[in-house]
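Peer 1: Sharing final04.txt here; it has compact mmCIF, C-alpha atoms.
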# COMPACT_ATOMS: atom_id res chain seq x y z
CA MET R 88 142.93 103.38 93.44
CA THR R 89 139.34 103.11 94.59
CA SER R 90 137.96 105.30 97.35
CA PHE R 91 135.42 102.61 98.25
CA ALA R 92 135.86 100.16 101.12
CA PRO R 93 133.80 97.12 102.12
CA ILE R 94 131.75 97.50 105.28
CA ASN R 95 133.95 94.89 107.00
CA ASP R 96 137.71 94.49 106.91
CA ASP R 97 137.82 91.54 104.52
CA HIS R 98 134.29 91.19 103.15
CA ALA R 99 131.17 93.26 102.46
CA VAL R 100 128.37 90.95 103.65
CA THR R 101 126.11 92.45 106.32
CA SER R 102 123.26 89.94 106.25
CA VAL R 103 122.39 86.55 104.80
CA LEU R 104 118.84 85.16 104.82
CA PHE R 105 118.23 81.48 104.15
CA GLY R 106 114.62 80.50 103.55
CA LEU R 107 112.17 77.73 102.82
CA GLN R 108 108.68 78.52 101.60
CA LEU R 109 106.23 75.78 102.55
CA ASP R 110 103.15 74.59 100.71
CA GLU R 111 101.08 75.00 103.92
CA PHE R 112 101.10 77.89 106.35
CA ILE R 113 102.41 77.19 109.84
CA GLU R 114 99.31 76.70 111.98
CA PRO R 115 98.80 78.13 115.51
CA PRO R 116 99.03 74.70 117.25
CA THR R 117 102.35 74.14 115.47
CA ILE R 118 103.66 77.50 116.65
CA GLU R 119 102.65 76.63 120.22
CA LEU R 120 104.30 73.21 119.98
CA ILE R 121 107.54 74.79 118.77
CA LYS R 122 107.51 77.46 121.48
CA ARG R 123 107.06 74.83 124.19
CA ALA R 124 109.83 72.67 122.72
CA MET R 125 112.43 75.48 123.04
CA PRO R 126 114.54 73.73 120.38
CA TRP R 127 117.59 76.01 120.57
CA SER R 128 117.60 77.08 124.21
CA ASP R 129 121.42 77.14 124.28
CA SER R 130 122.28 78.73 120.95
CA LEU R 131 119.14 80.88 120.34
CA PRO R 132 117.81 81.66 123.83
CA ALA R 133 115.76 84.80 123.03
CA VAL R 134 112.20 83.82 122.07
CA SER R 135 109.80 86.51 120.91
CA ALA R 136 106.44 86.79 119.20
CA LEU R 137 106.53 88.40 115.76
CA PRO R 138 103.69 90.47 114.29
CA PRO R 139 100.85 88.19 113.09
CA VAL R 140 100.85 87.19 109.44
CA GLU R 141 97.70 87.69 107.35
CA ILE R 142 96.73 84.42 105.65
CA ASN R 143 94.01 84.42 102.99
CA GLN R 144 91.60 81.49 103.13
CA GLY R 145 88.37 81.42 101.13
CA GLY R 146 88.59 85.11 100.36
CA GLN R 147 89.06 86.11 103.98
CA ASN R 148 92.22 87.17 105.82
CA PHE R 149 93.08 85.54 109.11
CA PRO R 150 95.94 86.63 111.41
CA MET R 151 98.34 83.80 112.18
CA PRO R 152 100.92 83.89 114.98
CA ALA R 153 104.64 83.93 114.22
CA VAL R 154 107.67 83.36 116.45
CA GLN R 155 111.40 84.06 116.41
CA PHE R 156 114.26 82.27 118.18
CA ALA R 157 117.46 84.35 118.32
CA ILE R 158 120.70 85.31 119.93
CA VAL R 159 120.78 89.09 120.11
CA ARG R 160 123.07 92.05 120.58
CA PRO R 161 122.66 94.36 123.59
CA ASP R 162 120.42 96.57 121.41
CA SER R 163 118.19 93.52 120.68
CA ARG R 164 119.21 93.15 117.04
CA PRO R 165 119.63 89.45 116.19
CA LEU R 166 123.05 87.98 115.45
CA TRP R 167 121.37 84.73 114.41
CA SER R 168 117.65 84.07 114.22
CA VAL R 169 115.16 81.43 113.14
CA LYS R 170 111.66 82.63 112.22
CA PHE R 171 108.44 80.64 111.79
CA SER R 172 106.10 83.01 109.96
CA GLY R 173 103.16 82.20 107.72
CA TYR R 174 104.40 79.97 104.90
CA ASP R 175 108.04 80.76 105.64
CA LEU R 176 110.95 79.34 107.59
CA ILE R 177 113.74 81.93 107.67
CA VAL R 178 117.23 81.79 109.14
CA GLU R 179 119.14 85.09 109.27
CA CYS R 180 122.82 85.64 110.02
CA THR R 181 124.21 89.16 110.55
CA VAL R 182 127.67 88.04 111.68
CA TYR R 183 128.88 86.56 108.41
CA SER R 184 132.41 85.16 108.38
CA ARG R 185 132.89 82.66 105.57
CA TRP R 186 130.35 80.61 103.67
CA ALA R 187 131.32 77.16 104.92
CA ASP R 188 130.99 78.13 108.58
CA VAL R 189 127.78 80.10 108.17
CA TRP R 190 126.08 77.52 105.95
CA ASN R 191 127.00 74.72 108.36
CA SER R 192 124.95 76.42 111.08
CA ALA R 193 122.18 77.72 108.82
CA SER R 194 121.53 74.34 107.19
CA ARG R 195 121.22 72.72 110.60
CA TYR R 196 118.75 75.36 111.78
CA LEU R 197 116.67 75.10 108.60
CA SER R 198 116.58 71.31 108.67
CA GLU R 199 115.59 71.23 112.34
CA ALA R 200 112.96 73.94 111.82
CA PHE R 201 111.41 72.01 108.93
CA GLU R 202 111.30 68.79 110.96
CA LEU R 203 109.62 70.62 113.84
CA VAL R 204 106.84 71.83 111.54
CA ARG R 205 106.62 68.39 109.91
CA SER R 206 106.19 66.70 113.30
CA LYS R 207 102.85 68.48 113.68
CA GLN R 208 101.81 69.09 110.07
CA THR R 209 102.78 65.76 108.55
CA ASP R 210 101.80 66.61 104.95
CA VAL R 211 103.78 69.85 104.67
CA ASN R 212 106.44 70.07 101.95
CA ILE R 213 108.84 72.64 100.56
CA ALA R 214 107.61 74.85 97.72
CA ASP R 215 110.90 76.69 97.10
CA PHE R 216 114.37 77.45 98.47
CA ARG R 217 115.62 81.02 99.02
CA LEU R 218 118.82 82.94 99.63
CA GLN R 219 119.20 86.70 100.08
CA VAL R 220 122.63 88.30 100.51
CA THR R 221 123.20 91.96 101.39
CA ASP R 222 126.61 93.57 100.75
CA GLN R 223 127.59 97.12 101.63
CA PHE R 224 130.42 99.45 100.64
CA ARG R 225 131.15 103.05 101.63
CA THR R 226 133.09 106.06 100.42
CA ALA R 227 133.67 109.56 101.79
CA GLU R 228 134.62 110.97 98.38
CA GLU R 229 132.36 113.76 97.15
CA GLY R 230 132.78 113.16 93.44
CA TYR R 231 133.22 109.41 93.36
CA LYS R 232 133.00 107.49 90.11
CA ALA R 233 130.83 104.38 89.90
CA SER R 234 133.65 102.63 88.03
CA GLU R 235 135.72 102.78 91.25
CA LEU R 236 133.41 100.12 92.68
CA PHE R 237 131.54 98.60 89.75
CA ALA R 238 132.81 96.95 86.58
CA GLU R 239 132.39 99.33 83.69
CA GLY R 240 129.53 98.45 81.37
CA SER R 241 128.08 95.75 83.65
CA ARG R 242 124.92 94.31 82.14
CA TYR R 243 123.25 94.48 85.56
CA LEU R 244 123.59 98.28 85.86
CA SER R 245 121.86 101.06 83.97
CA PRO R 246 124.18 103.37 81.97
CA MET R 247 122.88 106.16 84.23
CA ALA R 248 124.94 104.68 87.07
CA TYR R 249 128.12 105.75 85.25
CA ASP R 250 127.12 109.30 84.24
CA GLY R 251 128.46 111.06 87.33
CA ARG R 252 125.39 111.24 89.55
CA GLN R 253 126.11 110.44 93.21
CA VAL R 254 122.77 109.10 94.47
CA TRP R 255 120.86 106.49 92.46
CA ASN R 256 118.99 103.19 92.58
CA ASN R 257 119.09 100.24 90.21
CA ALA R 258 116.98 97.06 90.11
CA VAL R 259 116.86 94.15 87.68
CA GLY R 260 115.34 90.67 87.72
CA TRP R 261 115.62 87.56 85.58
CA ILE R 262 114.65 83.87 85.37
CA GLU R 263 116.80 80.95 84.24
CA THR R 264 116.29 77.18 84.09
CA GLU R 265 119.04 74.66 84.76
CA GLY R 266 118.06 71.00 84.61
CA ASP R 267 114.89 70.53 86.66
CA VAL R 268 115.36 73.78 88.61
CA ARG R 269 113.99 77.23 87.79
CA TYR R 270 115.96 80.09 89.33
CA SER R 271 114.47 83.54 89.88
CA ASP R 272 116.84 86.40 90.73
CA THR R 273 116.36 90.01 91.79
CA LEU R 274 119.29 92.40 92.16
CA ALA R 275 118.78 95.80 93.80
CA ILE R 276 121.46 98.47 94.32
CA GLN R 277 120.93 101.66 96.34
CA ILE R 278 123.28 104.60 96.99
CA GLN R 279 122.55 106.73 100.05
CA GLY R 280 124.25 109.79 101.53
CA ASN R 281 123.64 112.31 104.30
CA GLU R 282 120.47 114.22 103.48
CA ASP R 283 120.29 117.87 104.52
CA GLY R 284 117.23 119.51 103.07
CA SER R 285 117.60 119.39 99.30
CA THR R 286 121.24 118.31 99.28
CA VAL R 287 122.93 114.96 99.77
CA THR R 288 126.54 114.84 100.95
CA PRO R 289 129.15 112.17 101.77
CA PRO R 290 129.78 109.70 103.18
CA TYR R 291 127.92 107.47 100.74
CA LEU R 292 126.71 103.96 101.51
CA VAL R 293 126.21 101.46 98.69
CA THR R 294 123.83 98.57 99.46
CA ILE R 295 123.71 95.60 97.08
CA GLN R 296 120.97 93.06 97.75
CA HIS R 297 120.66 89.88 95.71
CA PHE R 298 117.66 87.60 96.21
CA GLY R 299 117.59 84.16 94.62
CA ARG R 300 114.82 81.56 94.58
CA ALA R 301 114.99 77.94 93.39
CA VAL R 302 111.92 75.91 92.41
CA THR R 303 112.16 72.30 91.28
CA ALA R 304 109.92 70.73 88.67
CA GLY R 305 107.67 67.78 89.31
CA ASP R 306 105.16 66.54 91.85
CA PRO R 307 105.27 66.19 94.80
CA VAL R 308 107.20 69.29 95.75
CA PRO R 309 110.74 68.64 96.98
CA GLU R 310 111.66 67.65 100.49
CA ILE R 311 114.56 68.67 102.71
CA GLY R 312 116.98 66.30 100.96
CA ARG R 313 117.81 68.90 98.28
CA LEU R 314 118.52 71.69 100.75
CA ASP R 315 122.31 71.63 100.52
CA GLU R 316 122.35 71.24 96.74
CA LEU R 317 119.97 74.10 95.99
CA ILE R 318 121.15 76.63 98.57
CA THR R 319 124.74 75.95 97.49
CA ASN R 320 123.69 76.61 93.88
CA LEU R 321 122.05 79.87 94.95
CA HIS R 322 125.25 80.82 96.76
CA GLU R 323 127.34 80.15 93.65
CA ARG R 324 124.93 82.21 91.56
CA ASN R 325 125.24 85.07 94.05
CA LYS R 326 129.04 84.90 93.90
CA ASN R 327 128.92 85.04 90.11
CA VAL R 328 126.58 88.05 90.08
CA ILE R 329 128.57 90.01 92.66
CA GLY R 330 131.79 89.08 90.92
CA GLU R 331 130.43 90.34 87.61
CA ILE R 332 129.27 93.71 88.89
CA LEU R 333 132.29 94.61 91.05
CA SER R 334 135.54 96.04 89.74
CA ALA R 335 138.60 93.78 89.63
CA GLU R 336 140.23 95.86 92.38
CA MET R 337 137.28 95.41 94.73
CA ARG R 338 137.00 91.69 93.98
CA GLN R 339 140.63 91.34 95.03
CA ARG R 340 140.04 93.49 98.13
CA ILE R 341 137.29 91.20 99.43
CA GLY R 342 138.92 87.98 98.25
CA LEU R 343 136.20 87.10 95.74
CA LYS R 344 137.44 84.55 93.22
CA LEU R 345 135.33 83.65 90.20
Could you spell out this file's structure in structure tokens?
Peer 2:
Amino acid sequence: MTSFAPINDDHAVTSVLFGLQLDEFIEPPTIELIKRAMPWSDSLPAVSALPPVEINQGGQNFPMPAVQFAIVRPDSRPLWSVKFSGYDLIVECTVYSRWADVWNSASRYLSEAFELVRSKQTDVNIADFRLQVTDQFRTAEEGYKASELFAEGSRYLSPMAYDGRQVWNNAVGWIETEGDVRYSDTLAIQIQGNEDGSTVTPPYLVTIQHFGRAVTAGDPVPEIGRLDELITNLHERNKNVIGEILSAEMRQRIGLKL
């Protein structure tokens, strides 16, 4: 029996980021227009300026304003947020339940955010679609075995992960093409414990972060019409990766079916 447990009762997801990268940066007049519009005053009432984004034009860097719309916890951490920042539109959810519910809200926010930018910058298009999912697991066992959480011999993990060490990092990236879409993936795994001088002790926290990006072929770059298709594909790819690296026991624990 594994000593590991997901960070939540029935799943391990702590954060999901949905993103669109645009082929033009979001200009200051557009940011001002969006701030005045207060598009989500009921659902995302907290509006705040983000640190300026450095945009390079003609060899020079120019600071561009950025803004966030959010609903926040008492400590000001967002539960849901929509960010307009540089070339990026980003929706973040830190109260994940199940995919269908979360994606229903996120897709609406992303579509509305894109249309807001497009209402001012009429030639802007989407350069790529992005999804980043963060899962976490924990154990209080001093001499845990990686095979209690991870599938033995997973192609995504270094053999060093299985040699008995308690604190380690692992990162791998790859590119695949399916039809007219190129997918780029990065998978990073980090194990952390309580640091006391030169020693690290339990409990240990395992963070798995999978970032996926989808780029379509052809010109002009794609519009919002492919949002559901491509983000859903990225979601399925994430499920497959997480399902492949986790042990069968943990997949059953979090209800992950391949």
Peer 1: Can you measure CA of Val293 in chain R to CA of Val189 in chain R for me? One decimal in Å is fine.
Peer 2: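 Between CA of Val293 in chain R and CA of Val189 in chain R the gap is 23.4 Å.
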Peer 1: With distances taken over only C-alpha atoms, which of R:Ala99, R:Gly342, R:Val268, R:Val154 is nearest to Tyr183 in chain R?
Peer 2: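 Going through R:Ala99, R:Gly342, R:Val268, R:Val154 one by one, the smallest distance to Tyr183 in chain R is for R:Ala99.
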Peer 1: Which value, in Å to one decimal, gives the distance between CA of Phe105 in chain R and CA of Pro150 in chain R?
Peer 2: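 Going from CA of Phe105 in chain R over to CA of Pro150 in chain R, I get 24.0 Å.
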Peer 1: Could you jot down the CA of Gly280 in chain R to CA of Val254 in chain R separation for me, Å, one decimal place?
Peer 2: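 Atom-to-atom, CA of Gly280 in chain R to CA of Val254 in chain R, that is 7.2 Å.
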Peer 1: Measuring between only C-alpha atoms, which one of R:Ala153, R:Leu236, R:Leu104, R:Ala124 shows the shortest distance to Pro138 in chain R?
Peer 2: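 That would be R:Ala153, the residue with the smallest distance to Pro138 in chain R.
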Peer 1: Taking all atoms listed in the file into account, which of R:Leu131, R:Val220, R:Val140, R:Leu345 comes nearest Ala157 in chain R?
Peer 2: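 For Ala157 in chain R, the nearest of the candidates is R:Leu131.
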Peer 1: Could you check the closest approach to Met337 in chain R for each of R:Trp190, R:Trp167, R:Tyr196, R:Phe237 and tell me which residue wins, using all atoms listed in the file?
Peer 2: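 Closest residue, counting all atoms listed in the file: R:Phe237.
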Peer 1: Please provide as JSON, numbers by chain all residues within 10 Å of Pro126 in chain R, with the sequence filter that same-chain residues fewer than 4 positions apart are discarded (counting all atoms listed in the file).
Peer 2: {"R": [121, 122, 130, 131, 132, 156, 196, 199, 200, 203]}
Peer 1: Those selected residues, please, written with C-alpha atoms and delivered as a tab-separated table (two decimals), in the frame of the given file.
Peer 2:
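Okay, this is what ended up in result.tsv:
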chain	number	residue	atom	x	y	z
R	121	ILE	CA	107.54	74.79	118.77
R	122	LYS	CA	107.51	77.46	121.48
R	130	SER	CA	122.28	78.73	120.95
R	131	LEU	CA	119.14	80.88	120.34
R	132	PRO	CA	117.81	81.66	123.83
R	156	PHE	CA	114.26	82.27	118.18
R	196	TYR	CA	118.75	75.36	111.78
R	199	GLU	CA	115.59	71.23	112.34
R	200	ALA	CA	112.96	73.94	111.82
R	203	LEU	CA	109.62	70.62	113.84
Peer 1: Kindly provide, as lines of an AutoDock Vina configuration file, the centre and edge lengths (Å, one decimal) of an axis-aligned box around all atoms of range 118-136 of chain R given in the file, with 6 Å on each side.
Peer 2:
center_x = 112.5
center_y = 79.7
center_z = 120.5
size_x = 31.6
size_y = 26.1
size_z = 19.6
Peer 1: Which one is closest to Gly240 in chain R: R:Ile332, R:Leu197, R:Ala227, R:Val211? Count only C-alpha atoms.
Peer 2: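 For Gly240 in chain R, the nearest of the given residues is R:Ile332.
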Peer 1: List as a list of chain:residue names the residues having at least one atom at most 12 Å from position (128.5, 79.0, 106.6) as given in the file, counting all atoms listed in the file.
Peer 2: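 Output of the proximity query reads R:Val103, R:Leu104, R:Phe105, R:Val178, R:Glu179, R:Cys180, R:Thr181, R:Val182, R:Tyr183, R:Ser184, R:Arg185, R:Trp186, R:Ala187, R:Asp188, R:Val189, R:Trp190, R:Asn191, R:Ser192, R:Ala193, R:Ser194, R:Arg195, R:Tyr196, R:Asp315, R:Ile318, R:Thr319, R:His322.
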Peer 1: R:Arg164, R:Arg338, R:His98, R:Arg313: which is nearest Ser198 in chain R, counting all atoms listed in the file?
Peer 2: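 Under the stated criterion, the closest residue is R:Arg313.
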Peer 1: Report as a PyMOL selection string all protein, DNA and RNA residues lying within 10 Å of Arg242 in chain R, evaluated on only C-alpha atoms, omitting residues in the same chain fewer than 2 positions from it.
Peer 2: chain R and resi 238-240+244-246+259+331-332
Peer 1: May I have the residues at most 12 Å from (104.6, 84.5, 110.4) in the file's coordinates, counting all atoms listed in the file, as number ranges by chain?
Peer 2: R: 108-109, 112-115, 117-118, 135-142, 149-155, 169-177
